[in-house]
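> Got a structure for you, questions after.
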Amino acid sequence: REHFVFIGNFFHKPNVDAVLTLKNEIWNEIKEYLPKAEIHIYGAYLNPQIQQLQNKKEGFIIKGFAENAHEVVGNARVVLAPLRFGAGIKGKLTEAMLCGTPSVTTTIGAEGMCGNFPWNGFIEDNFSDFALMSTQLYKNKSMWENAQEIGVDIINCSYDKEKIGPSFINKIKEIQ
């Protein structure tokens with residue numbers, strides 16, 4: 001777990017915006033704190049706008065389609081998701097929790113995702129602070145392990161299919 005990761009398909013405008021934000025607003029500051037850091041960008045439907053962001057020298061690596069998202073996220077140290085718009089449960093962030101990978105996201109990214117639990121990393125809308133929190137989470141072992149445990153708690157309590165399944169099925173029947 002020696003790199004950051006972003007994952008999401010590029011037909012979805014919030015993902016395109018998030019990667020552009022990472023490259024233009026956040027990544028240079030992370031590199032100041034962690035000069036050898038890399039971020040691996042995964043996602044289907046790569047477009048030229050995203051492909052041209054590739055810069056191996058800066059550690060900004062465009063990987064494209066992920067055959068196995070669980071493996072990609074599970075092998076990363078921290079998921080970065082600076083989402084500025086969008087709604088609903090974010091698969092990249094629940095995947096991070098399932099894989100035991102802490103994350104840093106925005107208020108929009110975390111919206112409706114963790115109930116009464118703290119976040120499994122950091123929620124930060126200021127991009128300078130986003131970079132700082134990302135590097136602290138990356139470097140601080142006890143902070144990272146604590147965030148990892150919180151993610152497991154969120155998944156086990158908020159997304160337990162035994163707890164939410166029956167009400168979900170009832171809602172479907174009600175709508176029918």
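Following the order of the structure tokens, chains are lettered A, B, ..., residues in each are numbered from 1, and ligands are numbered from 1.
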What are the nearest atom pairs, with distances in Å to one decimal, for all residues of range 101-154 of chain A that come at most 12 Å from range 35-43 of chain A, using only C-alpha atoms, set out by chain and rising residue number as CSV?

residue,atom,partner,partner_atom,distance
A:Ser134,CA,A:Ala37,CA,11.2
A:Thr135,CA,A:Ala37,CA,9.4
A:Tyr138,CA,A:Ala37,CA,9.7
A:Lys139,CA,A:Ala37,CA,10.9
> To test your reading of the structure, identify every residue in chain A that backbone DSSP assigns to strand (DSSP E or B), and report it as a ChimeraX atom specification.
/A:4-7,39-42,55,60-64,78-81,103-105,121-123
> Near Gln51 in chain A, within 8 Å and counting only C-alpha atoms, which residues show up once chain neighbours fewer than 4 positions away are dropped, as a ChimeraX atom specification?
/A:46-47,62
> Range 16-28 of chain A: which residues within 6 Å, counting only C-alpha atoms, same-chain residues fewer than 3 positions away excluded, as a ChimeraX atom specification?
/A:10,13,31,82-83,127,131
> Could you dump the residues just selected with N, CA and C atoms as a tab-separated table (two decimals), in the first residue's frame?

chain	number	residue	atom	x	y	z
A	10	PHE	N	-15.39	7.63	-16.39
A	10	PHE	CA	-15.27	9.00	-16.88
A	10	PHE	C	-16.42	9.44	-17.79
A	13	LYS	N	-19.58	12.97	-14.99
A	13	LYS	CA	-18.92	14.28	-14.91
A	13	LYS	C	-18.28	14.57	-13.54
A	31	LYS	N	2.70	16.44	-3.32
A	31	LYS	CA	4.09	16.15	-3.72
A	31	LYS	C	5.11	16.97	-2.90
A	82	PRO	N	-11.93	14.05	-4.29
A	82	PRO	CA	-12.37	15.44	-4.11
A	82	PRO	C	-13.59	15.77	-4.98
A	83	LEU	N	-14.72	15.20	-4.61
A	83	LEU	CA	-15.96	15.37	-5.39
A	83	LEU	C	-16.59	16.72	-5.05
A	127	PHE	N	-8.92	22.71	-0.51
A	127	PHE	CA	-8.00	21.79	-1.19
A	127	PHE	C	-6.59	21.80	-0.61
A	131	ALA	N	-4.99	18.33	0.84
A	131	ALA	CA	-3.65	17.79	0.57
A	131	ALA	C	-2.93	17.46	1.87
> Using CA of Val152 in chain A and CA of Val72 in chain A as the two end points, give the distance in Å to one decimal.
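A separation of 17.9 Å between them.
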> Please compute the CA of Asn68 in chain A-CA of Gly112 in chain A distance, one decimal, in Å.
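CA of Gly112 in chain A lies 25.8 Å from CA of Asn68 in chain A.
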> Arg77 in chain A: which residues within 7 Å, counting only C-alpha atoms, same-chain residues fewer than 2 positions away excluded, as a list in words?
Arg1, Glu2, His3, Phe4, Asn75, Thr101 and Tyr138 of chain A
> Tell me which protein, DNA and RNA residues are within 9 Å of Met133 in chain A, counting only C-alpha atoms, leaving out same-chain ones fewer than 5 positions away, and put them as a list in words.
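With the cut-off at 9 Å, the set is Val104, Gly121, Phe122, Ile123, Glu124, Ser128 and Tyr138 of chain A.
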> Export, as a PDB file, in the first residue's frame, the selected residues with all heavy atoms.

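This is the output file part03.pdb:
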ATOM      1  N   VAL A 104      -9.963  10.231   1.778  1.00  0.00           N
ATOM      2  CA  VAL A 104     -10.151  11.657   1.999  1.00  0.00           C
ATOM      3  C   VAL A 104     -11.100  12.116   0.902  1.00  0.00           C
ATOM      4  O   VAL A 104     -10.887  11.833  -0.282  1.00  0.00           O
ATOM      5  CB  VAL A 104      -8.821  12.440   1.939  1.00  0.00           C
ATOM      6  CG1 VAL A 104      -9.066  13.925   2.207  1.00  0.00           C
ATOM      7  CG2 VAL A 104      -7.818  11.873   2.939  1.00  0.00           C
ATOM      8  N   GLY A 121     -11.326   8.528   7.569  1.00  0.00           N
ATOM      9  CA  GLY A 121     -10.236   9.350   7.045  1.00  0.00           C
ATOM     10  C   GLY A 121     -10.574  10.790   7.339  1.00  0.00           C
ATOM     11  O   GLY A 121     -10.779  11.153   8.485  1.00  0.00           O
ATOM     12  N   PHE A 122     -10.710  11.592   6.272  1.00  0.00           N
ATOM     13  CA  PHE A 122     -11.036  13.000   6.461  1.00  0.00           C
ATOM     14  C   PHE A 122     -12.037  13.479   5.432  1.00  0.00           C
ATOM     15  O   PHE A 122     -12.062  13.001   4.297  1.00  0.00           O
ATOM     16  CB  PHE A 122      -9.771  13.869   6.344  1.00  0.00           C
ATOM     17  CG  PHE A 122      -8.803  13.656   7.459  1.00  0.00           C
ATOM     18  CD1 PHE A 122      -7.680  12.873   7.262  1.00  0.00           C
ATOM     19  CD2 PHE A 122      -9.013  14.220   8.706  1.00  0.00           C
ATOM     20  CE1 PHE A 122      -6.777  12.654   8.283  1.00  0.00           C
ATOM     21  CE2 PHE A 122      -8.122  14.010   9.743  1.00  0.00           C
ATOM     22  CZ  PHE A 122      -6.998  13.230   9.534  1.00  0.00           C
ATOM     23  N   ILE A 123     -12.856  14.449   5.867  1.00  0.00           N
ATOM     24  CA  ILE A 123     -13.752  15.180   4.979  1.00  0.00           C
ATOM     25  C   ILE A 123     -13.218  16.606   4.956  1.00  0.00           C
ATOM     26  O   ILE A 123     -13.148  17.259   6.001  1.00  0.00           O
ATOM     27  CB  ILE A 123     -15.205  15.159   5.508  1.00  0.00           C
ATOM     28  CG1 ILE A 123     -15.712  13.725   5.603  1.00  0.00           C
ATOM     29  CG2 ILE A 123     -16.107  16.025   4.628  1.00  0.00           C
ATOM     30  CD1 ILE A 123     -17.027  13.583   6.350  1.00  0.00           C
ATOM     31  N   GLU A 124     -12.824  17.062   3.777  1.00  0.00           N
ATOM     32  CA  GLU A 124     -12.196  18.383   3.683  1.00  0.00           C
ATOM     33  C   GLU A 124     -12.549  19.053   2.358  1.00  0.00           C
ATOM     34  O   GLU A 124     -12.323  18.474   1.297  1.00  0.00           O
ATOM     35  CB  GLU A 124     -10.674  18.232   3.826  1.00  0.00           C
ATOM     36  CG  GLU A 124      -9.935  19.518   3.905  1.00  0.00           C
ATOM     37  CD  GLU A 124     -10.457  20.459   4.978  1.00  0.00           C
ATOM     38  OE1 GLU A 124     -10.358  20.128   6.165  1.00  0.00           O
ATOM     39  OE2 GLU A 124     -10.974  21.536   4.598  1.00  0.00           O
ATOM     40  N   SER A 128      -6.167  22.892  -0.024  1.00  0.00           N
ATOM     41  CA  SER A 128      -4.868  22.916   0.637  1.00  0.00           C
ATOM     42  C   SER A 128      -4.898  22.010   1.869  1.00  0.00           C
ATOM     43  O   SER A 128      -3.979  21.210   2.105  1.00  0.00           O
ATOM     44  CB  SER A 128      -4.517  24.356   1.021  1.00  0.00           C
ATOM     45  OG  SER A 128      -3.175  24.443   1.396  1.00  0.00           O
ATOM     46  N   TYR A 138      -1.690   9.291   5.056  1.00  0.00           N
ATOM     47  CA  TYR A 138      -0.741   8.418   4.359  1.00  0.00           C
ATOM     48  C   TYR A 138       0.440   8.053   5.258  1.00  0.00           C
ATOM     49  O   TYR A 138       0.872   6.914   5.287  1.00  0.00           O
ATOM     50  CB  TYR A 138      -0.249   9.133   3.102  1.00  0.00           C
ATOM     51  CG  TYR A 138       0.649   8.306   2.209  1.00  0.00           C
ATOM     52  CD1 TYR A 138       0.120   7.624   1.131  1.00  0.00           C
ATOM     53  CD2 TYR A 138       2.020   8.221   2.435  1.00  0.00           C
ATOM     54  CE1 TYR A 138       0.932   6.870   0.289  1.00  0.00           C
ATOM     55  CE2 TYR A 138       2.838   7.470   1.602  1.00  0.00           C
ATOM     56  CZ  TYR A 138       2.293   6.801   0.534  1.00  0.00           C
ATOM     57  OH  TYR A 138       3.105   6.049  -0.281  1.00  0.00           O
TER      58      TYR A 138
END
